[in-house]
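Colleague: This is coords.txt, which holds compact mmCIF, C-alpha atoms and all ligand atoms:
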```
# COMPACT_ATOMS: atom_id res chain seq x y z
CA MET W 1 75.21 96.12 114.74
CA SER W 2 75.68 92.47 113.79
CA GLN W 3 75.10 91.21 110.29
CA TRP W 4 73.09 88.03 109.80
CA ILE W 5 74.52 85.34 107.57
CA THR W 6 73.06 82.15 106.14
CA VAL W 7 75.62 79.48 105.27
CA LEU W 8 74.35 77.13 102.56
CA GLY W 9 76.50 73.98 102.63
CA ALA W 10 77.78 74.66 106.14
CA THR W 11 79.16 71.13 106.58
CA GLY W 12 81.47 71.34 103.57
CA SER W 13 84.99 72.63 103.10
CA ILE W 14 83.96 76.23 102.26
CA GLY W 15 81.18 76.08 104.86
CA SER W 16 83.58 75.19 107.67
CA SER W 17 86.11 77.84 106.56
CA THR W 18 83.25 80.37 106.63
CA LEU W 19 82.32 79.31 110.16
CA ASP W 20 85.93 79.77 111.16
CA VAL W 21 85.91 83.38 109.93
CA ILE W 22 82.61 84.00 111.75
CA ARG W 23 84.12 82.47 114.91
CA ARG W 24 86.82 85.16 114.85
CA HIS W 25 84.24 87.99 114.64
CA PRO W 26 81.37 86.95 116.89
CA THR W 27 79.88 90.40 117.35
CA ARG W 28 80.18 91.46 113.71
CA TYR W 29 78.44 88.36 112.29
CA ARG W 30 75.54 86.29 113.62
CA VAL W 31 74.42 83.02 112.02
CA TYR W 32 70.85 83.06 110.72
CA ALA W 33 70.78 79.56 109.22
CA LEU W 34 73.06 76.62 108.54
CA THR W 35 72.28 73.95 105.96
CA GLY W 36 73.73 70.48 105.43
CA PHE W 37 72.94 67.49 103.26
CA SER W 38 74.66 64.70 105.18
CA ARG W 39 77.05 64.80 108.17
CA ILE W 40 74.17 65.72 110.48
CA LYS W 41 76.34 65.32 113.56
CA GLU W 42 78.71 68.05 112.28
CA LEU W 43 75.75 70.28 111.47
CA VAL W 44 74.41 69.93 115.01
CA ASP W 45 77.87 70.61 116.46
CA ALA W 46 78.00 73.83 114.44
CA ALA W 47 74.48 74.72 115.63
CA LEU W 48 75.59 74.32 119.23
CA GLU W 49 78.46 76.69 118.67
CA PHE W 50 76.75 79.33 116.50
CA CYS W 51 73.09 79.14 117.72
CA PRO W 52 71.39 79.74 114.34
CA ARG W 53 67.66 80.40 114.10
CA TYR W 54 67.28 77.64 111.50
CA LEU W 55 68.91 74.42 110.41
CA VAL W 56 67.98 73.00 107.00
CA VAL W 57 68.38 69.30 106.16
CA PRO W 58 67.27 67.31 103.09
CA THR W 59 64.70 64.82 104.48
CA GLU W 60 62.24 64.24 107.33
CA ALA W 61 64.48 61.40 108.53
CA ALA W 62 67.46 63.77 108.71
CA ALA W 63 65.26 66.32 110.51
CA LYS W 64 64.30 63.74 113.13
CA GLN W 65 67.94 62.81 113.63
CA THR W 66 68.82 66.51 113.95
CA ARG W 67 66.06 67.19 116.51
CA ASP W 68 67.03 64.11 118.52
CA LEU W 69 70.66 65.23 118.64
CA LEU W 70 69.66 68.78 119.61
CA ASN W 71 67.42 67.44 122.38
CA GLN W 72 70.20 65.21 123.72
CA THR W 73 72.46 68.21 124.08
CA GLY W 74 69.87 70.07 126.11
CA MET W 75 69.80 72.94 123.63
CA GLY W 76 66.23 71.96 122.76
CA LEU W 77 64.15 73.05 119.81
CA ALA W 78 63.10 76.43 121.11
CA ALA W 79 66.32 78.14 120.06
CA CYS W 80 66.67 76.49 116.67
CA GLU W 81 64.03 75.39 114.19
CA VAL W 82 64.77 72.46 111.86
CA LEU W 83 63.40 72.80 108.32
CA VAL W 84 63.38 70.34 105.41
CA GLY W 85 64.10 70.46 101.68
CA GLU W 86 64.73 72.87 98.85
CA PRO W 87 61.92 75.37 99.65
CA ALA W 88 63.51 75.78 103.09
CA LEU W 89 66.94 76.45 101.51
CA SER W 90 65.37 79.26 99.48
CA LYS W 91 63.52 80.59 102.53
CA VAL W 92 66.66 80.91 104.67
CA SER W 93 68.44 82.55 101.69
CA SER W 94 65.78 85.20 101.21
CA ASP W 95 64.21 85.93 104.63
CA ALA W 96 64.04 89.65 105.40
CA ASP W 97 66.43 89.46 108.37
CA VAL W 98 69.26 87.93 106.33
CA ASP W 99 72.07 90.29 105.22
CA MET W 100 74.35 87.87 103.40
CA VAL W 101 74.30 84.33 102.06
CA MET W 102 77.35 82.13 101.65
CA ALA W 103 76.48 79.96 98.62
CA ALA W 104 78.65 76.91 99.33
CA ILE W 105 76.48 74.00 98.25
CA VAL W 106 78.33 71.95 95.64
CA GLY W 107 76.89 71.62 92.14
CA ALA W 108 73.52 72.29 90.54
CA ALA W 109 71.72 71.68 93.86
CA GLY W 110 72.82 75.19 94.91
CA LEU W 111 71.27 77.04 91.98
CA VAL W 112 67.73 77.67 93.24
CA PRO W 113 68.59 78.91 96.76
CA THR W 114 71.49 81.01 95.44
CA LEU W 115 69.19 82.63 92.88
CA ALA W 116 66.63 83.19 95.66
CA ALA W 117 69.28 85.15 97.61
CA ALA W 118 70.01 87.28 94.52
CA GLU W 119 66.30 87.92 93.94
CA ALA W 120 65.89 88.98 97.56
CA GLY W 121 68.66 91.59 97.14
CA LYS W 122 71.16 89.98 99.52
CA ARG W 123 74.94 90.10 99.53
CA VAL W 124 75.69 86.82 97.75
CA LEU W 125 79.06 85.26 98.60
CA LEU W 126 79.43 82.99 95.61
CA ALA W 127 81.52 79.84 96.04
CA ASN W 128 79.01 77.62 94.22
CA LYS W 129 80.41 78.32 90.73
CA GLU W 130 78.17 75.69 89.13
CA ALA W 131 75.10 77.89 89.83
CA LEU W 132 76.62 80.75 87.83
CA VAL W 133 77.88 78.47 85.04
CA MET W 134 74.40 77.00 84.60
CA ALA W 135 72.42 80.21 84.66
CA GLY W 136 74.91 83.05 84.14
CA PRO W 137 72.75 85.64 82.32
CA LEU W 138 69.70 84.97 84.55
CA PHE W 139 71.78 85.13 87.67
CA MET W 140 73.58 88.36 86.75
CA ARG W 141 70.25 89.95 85.82
CA ALA W 142 68.75 88.90 89.17
CA ILE W 143 71.69 90.56 90.95
CA ARG W 144 71.30 93.79 88.96
CA ASP W 145 67.51 94.02 89.05
CA ASN W 146 67.31 93.50 92.80
CA ASN W 147 70.30 95.61 93.86
CA ALA W 148 71.95 92.54 95.30
CA GLU W 149 75.74 92.41 95.81
CA LEU W 150 77.77 89.63 94.25
CA LEU W 151 81.13 88.93 95.89
CA PRO W 152 83.12 86.15 94.22
CA ILE W 153 84.59 83.68 96.70
CA ASP W 154 86.35 81.41 94.22
CA SER W 155 89.94 82.46 94.92
CA GLU W 156 90.72 83.34 91.29
CA HIS W 157 87.63 85.49 90.84
CA ASN W 158 88.16 87.08 94.20
CA ALA W 159 91.69 87.97 93.06
CA ILE W 160 90.34 89.37 89.77
CA PHE W 161 87.71 91.38 91.66
CA GLN W 162 90.48 92.83 93.83
CA SER W 163 92.64 93.59 90.77
CA LEU W 164 89.93 95.36 88.75
CA PRO W 165 89.35 99.11 89.14
CA GLU W 166 87.11 99.92 92.10
CA ASN W 167 84.50 101.48 89.82
CA TYR W 168 84.58 98.62 87.27
CA THR W 169 81.46 98.83 85.10
CA ASP W 170 81.42 95.59 83.13
CA ASP W 171 83.37 97.13 80.27
CA PHE W 172 86.94 96.03 79.51
CA GLU W 173 87.59 98.70 76.89
CA LYS W 174 86.46 101.61 79.02
CA HIS W 175 88.89 100.63 81.78
CA GLY W 176 91.82 99.80 79.49
CA ILE W 177 91.69 96.11 80.38
CA GLU W 178 93.26 93.72 77.89
CA LYS W 179 92.69 90.40 79.54
CA ILE W 180 92.28 88.36 82.66
CA LEU W 181 95.13 85.97 83.50
CA LEU W 182 93.36 83.11 85.24
CA THR W 183 95.86 81.04 87.18
CA ALA W 184 95.58 77.27 87.54
CA SER W 185 97.62 75.02 89.80
CA GLY W 186 97.48 72.27 87.17
CA GLY W 187 96.04 69.88 89.76
CA PRO W 188 97.54 66.64 91.05
CA PHE W 189 98.19 65.26 87.54
CA ARG W 190 100.14 68.14 86.01
CA ASN W 191 102.75 66.83 83.55
CA ARG W 192 101.16 63.35 83.41
CA THR W 193 100.68 61.63 80.05
CA LYS W 194 97.35 60.30 78.78
CA ASP W 195 98.61 56.78 79.33
CA GLU W 196 99.38 57.51 82.97
CA LEU W 197 96.01 59.21 83.42
CA SER W 198 94.18 56.08 82.24
CA LYS W 199 95.19 54.35 85.48
CA VAL W 200 94.68 57.05 88.14
CA THR W 201 92.34 56.35 91.06
CA PRO W 202 89.77 58.58 92.80
CA ALA W 203 92.03 58.70 95.89
CA GLN W 204 94.89 60.09 93.77
CA ALA W 205 92.57 62.56 92.06
CA VAL W 206 91.25 64.09 95.30
CA ALA W 207 94.74 64.58 96.77
CA HIS W 208 95.26 68.16 95.60
CA PRO W 209 98.83 69.46 96.04
CA ASN W 210 97.90 72.96 97.34
CA TRP W 211 94.24 73.23 98.33
CA SER W 212 92.09 71.12 100.65
CA MET W 213 88.62 70.93 99.08
CA GLY W 214 85.49 68.80 98.63
CA ALA W 215 85.71 65.66 96.47
CA LYS W 216 83.87 67.01 93.41
CA ILE W 217 85.93 70.19 92.97
CA SER W 218 89.11 68.19 93.63
CA VAL W 219 88.32 65.89 90.69
CA ASP W 220 87.43 68.97 88.62
CA SER W 221 90.88 70.37 89.44
CA ALA W 222 92.48 67.13 88.31
CA THR W 223 90.66 67.14 84.93
CA LEU W 224 91.06 70.95 84.56
CA MET W 225 87.26 71.18 84.29
CA ASN W 226 87.48 73.36 87.38
CA LYS W 227 89.47 75.87 85.31
CA GLY W 228 86.94 75.48 82.50
CA LEU W 229 84.05 76.24 84.86
CA GLU W 230 86.08 79.16 86.22
CA LEU W 231 86.65 80.52 82.72
CA ILE W 232 82.87 80.57 82.21
CA GLU W 233 82.42 82.02 85.69
CA ALA W 234 84.87 84.85 84.87
CA CYS W 235 83.10 85.67 81.59
CA PHE W 236 79.72 85.95 83.31
CA LEU W 237 80.98 87.80 86.38
CA PHE W 238 83.07 90.38 84.56
CA ASN W 239 81.16 90.52 81.26
CA CYS W 240 83.95 89.51 78.90
CA ARG W 241 84.61 87.10 76.03
CA ALA W 242 86.28 83.73 76.46
CA ASP W 243 89.28 84.92 74.41
CA GLN W 244 89.82 87.70 76.97
CA VAL W 245 90.60 85.09 79.64
CA GLN W 246 93.98 83.40 79.41
CA VAL W 247 94.64 80.36 81.56
CA VAL W 248 98.13 80.32 83.07
CA VAL W 249 99.39 77.24 84.89
CA HIS W 250 101.11 78.40 88.07
CA PRO W 251 101.86 75.38 90.27
CA GLN W 252 102.60 77.29 93.51
CA SER W 253 99.05 78.81 93.69
CA VAL W 254 100.51 81.96 95.25
CA ILE W 255 99.17 84.35 92.60
CA HIS W 256 95.43 83.76 92.62
CA SER W 257 94.88 85.53 89.27
CA MET W 258 95.73 88.78 87.50
CA VAL W 259 94.35 91.55 85.31
CA GLN W 260 96.44 92.88 82.42
CA TYR W 261 95.95 96.51 81.34
CA ASN W 262 96.75 98.24 78.04
CA ASP W 263 99.53 100.38 79.56
CA GLY W 264 101.53 97.24 80.35
CA SER W 265 100.50 96.95 84.01
CA VAL W 266 99.53 93.60 85.43
CA ILE W 267 97.73 93.70 88.78
CA ALA W 268 97.65 90.53 90.86
CA GLU W 269 96.47 89.32 94.24
CA LEU W 270 98.86 87.01 96.09
CA GLY W 271 98.32 85.01 99.23
CA GLN W 272 98.33 81.66 100.95
CA PRO W 273 96.17 78.96 99.37
CA ASP W 274 93.60 79.36 102.15
CA MET W 275 89.96 80.03 101.30
CA ARG W 276 89.44 82.04 104.48
CA THR W 277 91.11 85.02 102.72
CA PRO W 278 88.51 85.38 99.93
CA ILE W 279 85.71 84.43 102.35
CA ALA W 280 86.68 87.16 104.84
CA TYR W 281 87.16 89.63 101.97
CA GLY W 282 83.66 88.91 100.64
CA MET W 283 82.06 89.13 104.07
CA ALA W 284 83.71 92.40 105.10
CA TRP W 285 84.02 94.20 101.74
CA PRO W 286 84.81 97.05 101.33
CA GLU W 287 86.51 96.71 104.71
CA ARG W 288 89.06 94.05 105.64
CA ILE W 289 89.07 91.78 108.66
CA ASP W 290 91.43 89.22 110.15
CA ALA W 291 90.85 85.85 108.44
CA GLY W 292 93.19 83.77 110.61
CA VAL W 293 95.44 83.20 107.59
CA LYS W 294 99.21 82.91 107.89
CA HIS W 295 101.01 85.78 106.16
CA LEU W 296 102.77 85.10 102.90
CA ASP W 297 106.51 84.63 103.23
CA LEU W 298 108.03 85.43 99.83
CA PHE W 299 111.48 84.20 100.90
CA GLU W 300 110.01 80.84 101.80
CA ILE W 301 108.30 80.66 98.39
CA SER W 302 111.38 82.04 96.61
CA ARG W 303 110.14 81.33 93.06
CA LEU W 304 106.99 81.42 90.96
CA ASP W 305 106.57 79.36 87.76
CA PHE W 306 104.23 79.79 84.82
CA THR W 307 103.44 77.49 81.87
CA GLU W 308 100.71 77.02 79.28
CA PRO W 309 98.00 74.44 79.92
CA ASP W 310 98.24 71.07 78.11
CA HIS W 311 94.96 71.10 76.15
CA GLU W 312 95.68 67.80 74.44
CA THR W 313 95.94 65.79 77.68
CA PHE W 314 93.29 67.81 79.55
CA PRO W 315 90.49 68.48 77.05
CA CYS W 316 87.95 69.72 79.63
CA LEU W 317 89.24 73.28 79.49
CA ASN W 318 88.39 73.62 75.80
CA LEU W 319 85.08 71.77 76.27
CA ALA W 320 84.09 74.50 78.73
CA LYS W 321 85.30 77.30 76.46
CA ASP W 322 83.26 75.87 73.56
CA ALA W 323 80.20 75.59 75.81
CA PHE W 324 80.45 79.24 76.81
CA GLU W 325 80.83 80.31 73.18
CA ARG W 326 77.83 78.19 72.13
CA GLY W 327 75.82 79.96 74.84
CA GLY W 328 72.16 79.27 75.71
CA ILE W 329 71.78 75.95 77.50
CA ALA W 330 75.29 74.69 76.58
CA PRO W 331 77.04 75.62 79.88
CA ALA W 332 74.22 73.99 81.89
CA VAL W 333 74.51 70.83 79.77
CA LEU W 334 78.30 70.78 80.21
CA ASN W 335 77.96 71.19 83.97
CA ALA W 336 75.36 68.44 84.35
CA ALA W 337 77.34 65.97 82.21
CA ASN W 338 80.42 66.76 84.26
CA GLU W 339 78.60 66.22 87.57
CA ILE W 340 77.40 62.78 86.43
CA ALA W 341 80.84 61.85 85.06
CA VAL W 342 82.66 62.94 88.24
CA ALA W 343 80.22 61.06 90.50
CA ALA W 344 80.71 57.93 88.35
CA PHE W 345 84.48 58.29 88.52
CA LEU W 346 84.38 58.74 92.32
CA ALA W 347 82.19 55.61 92.53
CA GLU W 348 84.78 53.76 90.43
CA GLN W 349 82.23 53.13 87.66
CA ILE W 350 84.38 54.76 84.98
CA GLY W 351 88.04 55.67 84.52
CA PHE W 352 89.49 59.18 84.63
CA LEU W 353 89.73 59.57 80.85
CA ALA W 354 86.08 58.64 80.46
CA ILE W 355 85.14 61.95 82.18
CA PRO W 356 85.97 64.20 79.19
CA GLU W 357 84.74 61.52 76.80
CA LEU W 358 81.31 61.39 78.41
CA ILE W 359 81.02 65.19 78.44
CA THR W 360 82.10 65.41 74.78
CA ARG W 361 79.41 62.90 73.81
CA VAL W 362 76.65 64.72 75.71
CA MET W 363 77.72 68.09 74.27
CA ALA W 364 77.64 66.62 70.75
CA MET W 365 74.07 65.40 71.26
CA SER W 366 72.84 68.64 72.81
CA PRO W 367 70.55 70.88 70.75
CA ASP W 368 71.29 74.62 70.76
CA LYS W 369 68.61 76.37 72.78
CA THR W 370 68.34 79.82 74.27
CA VAL W 371 67.59 80.37 77.95
CA GLN W 372 64.61 82.55 78.85
CA SER W 373 63.87 81.30 82.34
CA LEU W 374 65.05 79.17 85.23
CA GLU W 375 62.81 76.37 83.92
CA ASP W 376 64.83 76.28 80.66
CA VAL W 377 68.04 75.83 82.69
CA LEU W 378 66.57 73.13 84.91
CA ALA W 379 65.16 71.27 81.87
CA ALA W 380 68.57 71.35 80.16
CA ASP W 381 70.21 70.11 83.37
CA GLN W 382 67.72 67.25 83.60
CA TRP W 383 68.09 66.33 79.92
CA ALA W 384 71.90 66.25 80.14
CA ARG W 385 71.82 64.08 83.28
CA GLU W 386 69.56 61.57 81.51
CA GLN W 387 71.84 61.44 78.45
CA ALA W 388 74.94 61.10 80.60
CA ASN W 389 73.35 58.27 82.61
CA HIS W 390 72.43 56.39 79.39
CA LEU W 391 76.01 56.76 78.18
CA LEU W 392 77.34 55.50 81.49
CA VAL W 393 75.55 52.19 80.94
CA GLU W 394 77.16 51.99 77.49
CA PHE W 395 80.61 52.83 78.92
CA GLU W 396 80.27 50.14 81.58
CA GLN W 397 79.32 47.53 78.97
CA ILE W 398 82.38 48.44 76.91
CA GLN W 399 84.57 48.17 80.03
CA GLN W 400 83.10 44.75 80.83
CA ILE W 401 83.73 43.48 77.30
CA ALA W 402 87.31 44.84 77.44
CA GLY W 403 87.78 43.11 80.79
CA GLN W 404 86.63 39.75 79.37
CA GLU W 405 88.98 39.89 76.40
P1 LIG F 501 82.01 70.04 99.91
O1 LIG F 501 81.67 68.79 99.21
O2 LIG F 501 83.08 70.03 100.94
O3 LIG F 501 80.68 70.65 100.59
C1 LIG F 501 79.48 70.72 99.89
C2 LIG F 501 78.34 71.19 100.80
O4 LIG F 501 77.13 71.12 100.03
C3 LIG F 501 78.12 70.31 102.03
O5 LIG F 501 77.69 71.12 103.11
C4 LIG F 501 76.97 69.38 101.61
O6 LIG F 501 76.21 68.95 102.71
C5 LIG F 501 76.16 70.30 100.71
N1 LIG F 501 75.40 69.57 99.69
C6 LIG F 501 75.88 68.61 98.86
N2 LIG F 501 74.88 68.16 98.05
C7 LIG F 501 73.77 68.87 98.38
C8 LIG F 501 72.43 68.85 97.91
N3 LIG F 501 72.04 68.03 96.94
N4 LIG F 501 71.55 69.71 98.49
C9 LIG F 501 71.92 70.55 99.46
N5 LIG F 501 73.19 70.60 99.96
C10 LIG F 501 74.10 69.77 99.42
O7 LIG F 501 82.35 71.12 98.77
P2 LIG F 501 83.27 72.41 98.86
O8 LIG F 501 84.65 72.07 98.50
O9 LIG F 501 83.00 73.15 100.13
O10 LIG F 501 82.69 73.27 97.64
C11 LIG F 501 81.45 73.96 97.71
C12 LIG F 501 81.33 74.87 96.49
O11 LIG F 501 82.35 75.85 96.55
C13 LIG F 501 81.51 74.14 95.15
O12 LIG F 501 80.66 74.70 94.21
C14 LIG F 501 82.95 74.41 94.80
O13 LIG F 501 83.17 74.41 93.40
C15 LIG F 501 83.13 75.81 95.36
N6 LIG F 501 84.53 76.13 95.70
C16 LIG F 501 85.19 75.41 96.64
C17 LIG F 501 86.52 75.70 96.94
C18 LIG F 501 87.26 74.95 98.02
O14 LIG F 501 88.40 75.31 98.31
N7 LIG F 501 86.69 73.93 98.64
C19 LIG F 501 87.16 76.74 96.26
C20 LIG F 501 86.45 77.45 95.31
C21 LIG F 501 85.14 77.15 95.03
MG MG F 502 89.11 78.42 92.18
```
Produce structure tokens that represent the structure in this file.
Ligand code: NAD
Ligand code: MG
Modeller:
Amino acid sequence: MSQWITVLGATGSIGSSTLDVIRRHPTRYRVYALTGFSRIKELVDAALEFCPRYLVVPTEAAAKQTRDLLNQTGMGLAACEVLVGEPALSKVSSDADVDMVMAAIVGAAGLVPTLAAAEAGKRVLLANKEALVMAGPLFMRAIRDNNAELLPIDSEHNAIFQSLPENYTDDFEKHGIEKILLTASGGPFRNRTKDELSKVTPAQAVAHPNWSMGAKISVDSATLMNKGLELIEACFLFNCRADQVQVVVHPQSVIHSMVQYNDGSVIAELGQPDMRTPIAYGMAWPERIDAGVKHLDLFEISRLDFTEPDHETFPCLNLAKDAFERGGIAPAVLNAANEIAVAAFLAEQIGFLAIPELITRVMAMSPDKTVQSLEDVLAADQWAREQANHLLVEFEQIQQIAGQE
């Protein structure tokens, strides 16, 4: 019997890799819904290939464009209903017929529908790390309380999941686990100095040496905030402390992460830097299916290197660690400030080094508050975005004055 999957963020990098895995297993998986925020043409092309029951787009104008394109192709509306907005994202994540949800929207926008999938007891394929960073304890509780399944898609967390004991019960000590070794490629600016970083452009930042990804996560990889978000993600997913996660820079991205045990064993998952491996693993678990990924040739790779991260030049990693240790709303505030800073950098409003500076300033202003509900998380997200936007105006004025001098 086929399993029904909703792909949130189907037009993105993870979304299209997910569709490629589905394409290889057309009887095992059927598409329930596809969602997209822009790139409507691509969304409609995917609809023509995968015949989902629903498409979800952000506005009425986008819905009209989608229906027009569907009508032009002769597929018509009967086979595929077009829905609009956030309530529709949550609907297609939680409908009774859905078996699994690929959470591949980028950023905070993915939180509510991803949580809806958890609350509806689905298999959640979690790529959207920001959702977990923002609302970790709430999200993990929703998974537990509703017998949902959480399969990490982020390659590092997928590797950790594969390297943990099969019966892992959220307890490092019980399983003899000493620490997680979270690997990092180091991004496109590994070994650069602060001075060099002050001049880098968005085009240079999104040109990742090993992985092909969306713009936001590519900038996060360049600042090492991606590794910071992943550190928080690991702590929430596997119920450990920040000091039990050691970041290891490994430029080849062949080892996707490791688990170190108290008897001296280190278990790792290795593979090509191709997201279809963790996606296929999450979809088929506990079975394995062909992901279309080239096999690893160790002779071709020939060597693997490891170094410590440069915290001085890339302060985002420690900003994230501090946010996790502060707890409460702090990770949500960090995430929101980062999203604003990255968008401003991509729009060439601020320089690369202003990203950690802006986040540091917002974190310093943030009160310490506990999180009881989703509303607390969304309020913290909103507050941090407002603070970051105020600071952006200040940063721009400083830049203008510097430019005039
Ligand atoms: P992307 O930018 O390529 O795609 C993002 C998707 O989200 C698109 O379909 C877009 O239409 C949709 N989207 C954007 N804003 C939205 C909004 N406000 N409301 C609804 N939908 C919206 O990003 P990506 O690289 O595919 O990454 C997606 C998520 O997966 C991110 O959280 C990222 O951190 C995570 N991730 C990506 C990779 C990778 O290799 N690309 C690896 C690990 C984790
Ligand atoms: Mg990753």
Colleague: Choose the residue, out of W:Thr169, W:Thr73, W:Asn318, W:Asn335, that has the smallest atom-to-atom separation from ligand LIG 501 (chain F); count all atoms listed in the file.
Modeller: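 Using all atoms listed in the file, the shortest distance to ligand LIG 501 (chain F) belongs to W:Asn335.
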Colleague: What is the atom O11 of ligand LIG 501 (chain F)-CA of Ala215 (chain W) distance in Å, reported with one decimal?
Modeller: 10.7 Å
Colleague: Need the shell around Thr313 (chain W): protein/DNA/RNA residues with any atom at most 9 Å away, counting all atoms listed in the file. Skip same-chain ones fewer than 3 positions apart. Format as JSON, numbers by chain?
Modeller: {"W": [192, 193, 194, 197, 310]}
Colleague: What residues have any atom no more than 12 Å from ligand MG 502 (chain F) when counting all atoms listed in the file, and can you list them as a ChimeraX atom specification?
Modeller: /W:14,126-130,152-160,182-187,210-213,217-218,220-221,224-234,253,255-257,273-275,278
Colleague: If I take CA of Ala380 (chain W) and CA of Ala341 (chain W), how far is one from the other in Å, to one decimal?
Modeller: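 CA of Ala341 (chain W) lies 16.3 Å from CA of Ala380 (chain W).
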Colleague: Can you tell me, as number ranges by chain, what residues are no more than 8 Å from Val293 (chain W) when counting only C-alpha atoms, ignoring any on the same chain fewer than 4 positions away?
Modeller: W: 272, 274, 276-277
Colleague: Enumerate, as a PyMOL selection string, the protein, DNA and RNA residues whose atoms approach (75.2, 93.3, 101.4) to within 9 Å, taking into account all atoms listed in the file and the coordinate frame of the file.
Modeller: chain W and resi 99-100+121-124+148-150+283+285
Colleague: Using all atoms listed in the file for the distances, tell me which of W:Ala268, W:Ala33, W:Gly351, W:Leu125 is nearest to Tyr281 (chain W).
Modeller: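 Of W:Ala268, W:Ala33, W:Gly351, W:Leu125, the one nearest Tyr281 (chain W), counting all atoms listed in the file, is W:Leu125.
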